[in-house]
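Worksheet: one structure, shown below.
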Amino acid sequence: MSAVPGSSSNSGAAGALVFYSEFDDFAAWREALRARLPSLDIRHASEIANPADIRYALAWKPPAGFFDSMANLRLIINLGAGVDSLVGRTDLPAGIPITRITDPHMARMMAGYVLFATLRYARDIPSFEQAQRRGAWAYRHPRAPEDVRVAVLGLGELGAFAARELRRQGLTVLGWSRSPRQIDGIQCYAGMETLDAVLAQADILVLMLPLTPQTRGLIGRERLLRLPRGAALINVARGALVDQRAMTDLLQAGHLGGATLDVFEREPLPPDDPLWRMENVLITPHLASVAIPSSAAAQIADNISRVDRGEPPLNVVDPGRGY
Ligand code: NDP
């Protein structure tokens with residue numbers, strides 16, 4: 001591609017980048033990117049005078065028609081790891097690569113959440129929380145870590161990192177993905193035909209799958225019933241992976257012992273949803289991990305430079321596959 005007249009291409013930053021997110025801090029992203037690409041013109045979506053200047057879009061859930069007038073767009077950078085809200089859109093410009101953020105710090109933050117939630121169940125903390133509310137000294141002998149089986153569905157950037165961290169705690173970790181994976185110390189399974197066997201062994205089920213046409217509704221009532229009675233569910237991926245109604249019923253019935261939920265079919269979770277008031281449910285408002293400007297900027301800057309030099313970007317999303 002040709003450089004914008006008057007701009008320096010040796011910094012790998014010709015043209016302008018538009019930023020859009022209702023959740024992320026524009027000033028922090030601008031500063032982190034500017035440190036790596038000093039000549040890149042970085043503008044918030046509200047500051048765009050001429051959409052033809054835009055070469056790169058760094059965006060999280062932009063409004064419909066956002067890309068329409070960006071005739072010179074070369075790269076769409078999804079401001080996050082999950083791309084389901086982007087790849088399903090009908091207003092994407094044809095032929096423009098979409099990349100996602102992969103950032104070890106984002107994976108570490110996610111693993112921290114998953115570790116917290118998993119160890120809380122592995123160490124029976126919810127039962128001590130309940131006992132404390134009764135003022136009861138309710139001794140319960142700790143289980144050996146290896147006696148607690150944790151199944152991680154999804155062994156991608158975030159899932160594999162979390163699975164390794166869980167294994168480091170001595171837990172028995174099973175992993176499940178689409179294509180076969182090998183991860184030291186983790187019993188890896190692949191493909192739909194192995195899913196029920198994985199679920200049947202999961203004292204704690206951790207969902208780290210992308211939301212795609214194949215995974216939407218994957219964890220329905222039948223599959224939840226495959227879990228051993230009293231199993232705990234941790235969903236840090238997307239709410240629509242799970243039949244929320246069935247999950248709620250099974251939490252009330254005790255088949256599911258507990259759930260830690262960061263994501264929901266509808267967000268924000270409506271105030272009248274029964275999940276809010278269930279003692280065996282812990283709710284957080286979709287923040288298990290976030291993209292961190294200071295660390296993720298390196299990968300974004302690298303991709304911008306690659307595109308500027310006419311090279312293909314890395315970490316490209318396959319819209320057909322959905323992730
Ligand atoms: P990746 O895209 O790196 O990995 C996805 C994993 O899921 C891969 O192992 C893939 O298999 C597997 N997978 C995909 N489809 C199927 C299928 N049909 N059957 C079996 N396995 C499948 O994702 P990340 O690890 O980076 O992130 C996972 C999800 O976490 C994101 O998509 C996002 O929705 C969510 N997320 C949530 C956040 C939060 O704050 N709550 C923050 C960030 C992300 P294979 O290895 O064979 O490709």
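We name chains A, B, ... following the order of the structure tokens; residues begin at 1 in each chain, and ligands are numbered from 1 as shown.
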List all protein, DNA and RNA residues that have an atom no more than 6 Å from any atom of ligand 1, counting only C-alpha atoms and all ligand atoms, and report them as a list in words.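 Counting only C-alpha atoms and all ligand atoms, the residues within 6 Å of ligand 1 come out as Ala81, Gly82, Gly154, Leu155, Gly156, Glu157, Leu158, Gly159, Ser177, Arg178, Ser179, Gly191, Met208, Leu209, Pro210, Leu211, Gln214, Thr215, Val236, Ala237, Arg238, Asp262, His286, Leu287, Ala288, Ser289, Val290 and Tyr323 of chain A.
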Run DSSP on the backbone and give me the residues of region 60-109 of chain A it puts in strand (DSSP E), as number ranges by chain. A: 75-78, 98-99
Would you save the residues from that selection as an mmCIF file, in the first residue's frame, using all heavy atoms?
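Result went into out_33.cif, see below:
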data_model
loop_
_atom_site.group_PDB
_atom_site.id
_atom_site.type_symbol
_atom_site.label_atom_id
_atom_site.label_comp_id
_atom_site.auth_asym_id
_atom_site.auth_seq_id
_atom_site.Cartn_x
_atom_site.Cartn_y
_atom_site.Cartn_z
ATOM 1 N N LEU A 75 -7.267 -2.144 7.869
ATOM 2 C CA LEU A 75 -7.172 -3.108 8.964
ATOM 3 C C LEU A 75 -8.199 -2.771 10.047
ATOM 4 O O LEU A 75 -8.315 -1.617 10.451
ATOM 5 C CB LEU A 75 -5.754 -3.049 9.581
ATOM 6 C CG LEU A 75 -5.458 -3.956 10.768
ATOM 7 C CD1 LEU A 75 -5.537 -5.431 10.383
ATOM 8 C CD2 LEU A 75 -4.078 -3.634 11.350
ATOM 9 N N ILE A 76 -8.916 -3.800 10.495
ATOM 10 C CA ILE A 76 -9.826 -3.629 11.637
ATOM 11 C C ILE A 76 -9.232 -4.399 12.805
ATOM 12 O O ILE A 76 -8.985 -5.610 12.703
ATOM 13 C CB ILE A 76 -11.240 -4.163 11.318
ATOM 14 C CG1 ILE A 76 -11.853 -3.386 10.150
ATOM 15 C CG2 ILE A 76 -12.132 -4.092 12.549
ATOM 16 C CD1 ILE A 76 -13.170 -3.952 9.651
ATOM 17 N N ILE A 77 -8.973 -3.694 13.901
ATOM 18 C CA ILE A 77 -8.398 -4.324 15.095
ATOM 19 C C ILE A 77 -9.500 -4.384 16.149
ATOM 20 O O ILE A 77 -9.976 -3.346 16.621
ATOM 21 C CB ILE A 77 -7.201 -3.506 15.623
ATOM 22 C CG1 ILE A 77 -6.161 -3.305 14.516
ATOM 23 C CG2 ILE A 77 -6.577 -4.179 16.840
ATOM 24 C CD1 ILE A 77 -5.373 -2.019 14.659
ATOM 25 N N ASN A 78 -9.899 -5.595 16.472
ATOM 26 C CA ASN A 78 -10.923 -5.768 17.498
ATOM 27 C C ASN A 78 -10.287 -5.494 18.857
ATOM 28 O O ASN A 78 -9.299 -6.123 19.224
ATOM 29 C CB ASN A 78 -11.452 -7.208 17.418
ATOM 30 C CG ASN A 78 -12.536 -7.489 18.433
ATOM 31 O OD1 ASN A 78 -13.588 -6.856 18.409
ATOM 32 N ND2 ASN A 78 -12.291 -8.422 19.333
ATOM 33 N N ILE A 98 -9.403 -8.669 9.819
ATOM 34 C CA ILE A 98 -9.777 -8.336 11.201
ATOM 35 C C ILE A 98 -8.792 -9.060 12.108
ATOM 36 O O ILE A 98 -8.594 -10.274 11.963
ATOM 37 C CB ILE A 98 -11.205 -8.819 11.520
ATOM 38 C CG1 ILE A 98 -12.223 -8.160 10.583
ATOM 39 C CG2 ILE A 98 -11.551 -8.561 12.986
ATOM 40 C CD1 ILE A 98 -13.636 -8.711 10.736
ATOM 41 N N THR A 99 -8.187 -8.328 13.024
ATOM 42 C CA THR A 99 -7.306 -8.980 13.993
ATOM 43 C C THR A 99 -7.915 -8.834 15.380
ATOM 44 O O THR A 99 -8.769 -7.984 15.613
ATOM 45 C CB THR A 99 -5.896 -8.357 13.998
ATOM 46 O OG1 THR A 99 -6.005 -6.971 14.340
ATOM 47 C CG2 THR A 99 -5.231 -8.497 12.643
#
Tell me which protein, DNA and RNA residues are within 10 Å of region 222-230 of chain A, counting only C-alpha atoms, leaving out same-chain ones fewer than 4 positions away, and put them as a list in words.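 The residues that qualify are Leu195, Asp196, Ala197, Val198, Leu199, Ala200, Gln201, Ala202, Asp203, Ile204, Leu205, Leu218, Val242, Asp243, Ala246, Met247, Leu250, Leu251, Ala253, Gly254, His255, Leu256, Gly257 and Gly258 of chain A.
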Per residue of region 123-178 of chain A within 12 Å of region 273-279 of chain A, which atom pair is closest and at what distance in Å (one decimal), using only C-alpha atoms, listed by chain and increasing number, as a tab-separated table?
residue	atom	partner	partner_atom	distance
A:Pro126	CA	A:Glu279	CA	9.0
A:Ser127	CA	A:Glu279	CA	10.3
A:Glu129	CA	A:Glu279	CA	10.0
A:Gln130	CA	A:Glu279	CA	8.5
A:Arg133	CA	A:Glu279	CA	11.4
Kindly give the distance, in Å, that separates CA of Thr260 (chain A) and CA of Thr248 (chain A), rounded to a single decimal.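 Value for the CA of Thr260 (chain A)-CA of Thr248 (chain A) distance: 12.1 Å.
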Where does region 258-305 of chain A meet region 49-73 of chain A within 12 Å, residue by residue, with the nearest atom pair and distance in Å to one decimal for each, counting only C-alpha atoms, listed by chain and rising number, as a tab-separated table?
residue	atom	partner	partner_atom	distance
A:Val290	CA	A:Trp60	CA	11.5
A:Ala291	CA	A:Trp60	CA	10.6
A:Pro293	CA	A:Leu58	CA	11.7
A:Ala296	CA	A:Leu58	CA	11.8
A:Ala297	CA	A:Leu58	CA	10.8
A:Ile300	CA	A:Leu58	CA	8.8
A:Ala301	CA	A:Tyr56	CA	10.7
A:Asn303	CA	A:Tyr56	CA	10.1
A:Ile304	CA	A:Tyr56	CA	7.5
A:Ser305	CA	A:Tyr56	CA	10.8
Using DSSP secondary structure from the backbone, list all alpha helix (DSSP H) positions within region 11-208 of chain A, as a ChimeraX atom specification. /A:26-36,84-87,104-122,125-134,157-168,195-200
Hey, what's within 9 Å of Gln299 (chain A) if we count only C-alpha atoms and toss same-chain stuff fewer than 6 positions away? As JSON, numbers by chain, please? {"A": [101, 102, 103, 314]}
Go ahead and save the picked residues with all heavy atoms, as a tab-separated table (two decimals), in the first residue's frame.
chain	number	residue	atom	x	y	z
A	101	ILE	N	-6.96	-8.95	19.75
A	101	ILE	CA	-5.84	-8.70	20.66
A	101	ILE	C	-5.40	-10.02	21.28
A	101	ILE	O	-6.22	-10.79	21.78
A	101	ILE	CB	-6.23	-7.68	21.73
A	101	ILE	CG1	-6.32	-6.31	21.07
A	101	ILE	CG2	-5.23	-7.68	22.89
A	101	ILE	CD1	-6.59	-5.17	22.00
A	102	THR	N	-4.12	-10.29	21.20
A	102	THR	CA	-3.53	-11.36	22.00
A	102	THR	C	-2.45	-10.69	22.82
A	102	THR	O	-1.58	-10.02	22.28
A	102	THR	CB	-2.90	-12.48	21.15
A	102	THR	OG1	-1.85	-11.93	20.39
A	102	THR	CG2	-3.90	-13.13	20.23
A	103	ASP	N	-2.54	-10.86	24.10
A	103	ASP	CA	-1.66	-10.13	25.01
A	103	ASP	C	-1.45	-10.99	26.25
A	103	ASP	O	-2.42	-11.36	26.92
A	103	ASP	CB	-2.37	-8.80	25.36
A	103	ASP	CG	-1.70	-8.06	26.49
A	103	ASP	OD1	-0.57	-8.42	26.86
A	103	ASP	OD2	-2.32	-7.12	27.01
A	314	LEU	N	-0.74	-10.28	11.80
A	314	LEU	CA	-0.80	-11.52	12.59
A	314	LEU	C	-2.09	-11.55	13.41
A	314	LEU	O	-2.74	-10.53	13.58
A	314	LEU	CB	0.40	-11.60	13.53
A	314	LEU	CG	1.78	-11.51	12.86
A	314	LEU	CD1	2.88	-11.50	13.92
A	314	LEU	CD2	1.99	-12.66	11.87
Pick out the closest residue to Arg266 (chain A) from this set: A:Val281, A:Ala32, A:Ile186, A:Leu241. Count only C-alpha atoms. A:Leu241
Set the distance at 12 Å and use only C-alpha atoms: which residues neighbour Glu47 (chain A) once local chain neighbours fewer than 4 positions away are removed? I'd like the list as a ChimeraX atom specification. /A:16-20,26,41-43,51,53-54
When you look at Ala162 (chain A) with a cut-off of 8 Å (counting only C-alpha atoms), what residues show up, excluding the ones that are within fewer than 3 positions of it in the same chain? I need them as a PyMOL selection string. chain A and resi 107-108+110-112+114-115+158-159+165-166
Residue selection dump (C-alpha atoms) as an mmCIF file, in the first residue's frame:
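Contents of selection.cif, as written:
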data_model
loop_
_atom_site.group_PDB
_atom_site.id
_atom_site.type_symbol
_atom_site.label_atom_id
_atom_site.label_comp_id
_atom_site.auth_asym_id
_atom_site.auth_seq_id
_atom_site.Cartn_x
_atom_site.Cartn_y
_atom_site.Cartn_z
ATOM 1 C CA ALA A 107 -4.266 -13.889 29.473
ATOM 2 C CA ARG A 108 -2.680 -13.520 32.915
ATOM 3 C CA MET A 110 -8.054 -13.892 32.874
ATOM 4 C CA ALA A 111 -6.119 -16.744 34.481
ATOM 5 C CA GLY A 112 -6.183 -14.825 37.761
ATOM 6 C CA VAL A 114 -10.264 -18.357 36.709
ATOM 7 C CA LEU A 115 -7.801 -19.378 39.436
ATOM 8 C CA LEU A 158 -6.684 -17.475 27.233
ATOM 9 C CA GLY A 159 -7.913 -21.024 27.847
ATOM 10 C CA GLU A 165 -2.075 -22.118 35.825
ATOM 11 C CA LEU A 166 -4.711 -24.480 37.221
#
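Put simply, CA of Leu282 (chain A) is 6.2 Å away from CA of Leu261 (chain A).
In terms of minimum interatomic distance to Pro312 (chain A), A:Ile96 ranks closest within A:Leu37, A:Ala190, A:Ile96, A:Val87, counting only C-alpha atoms.
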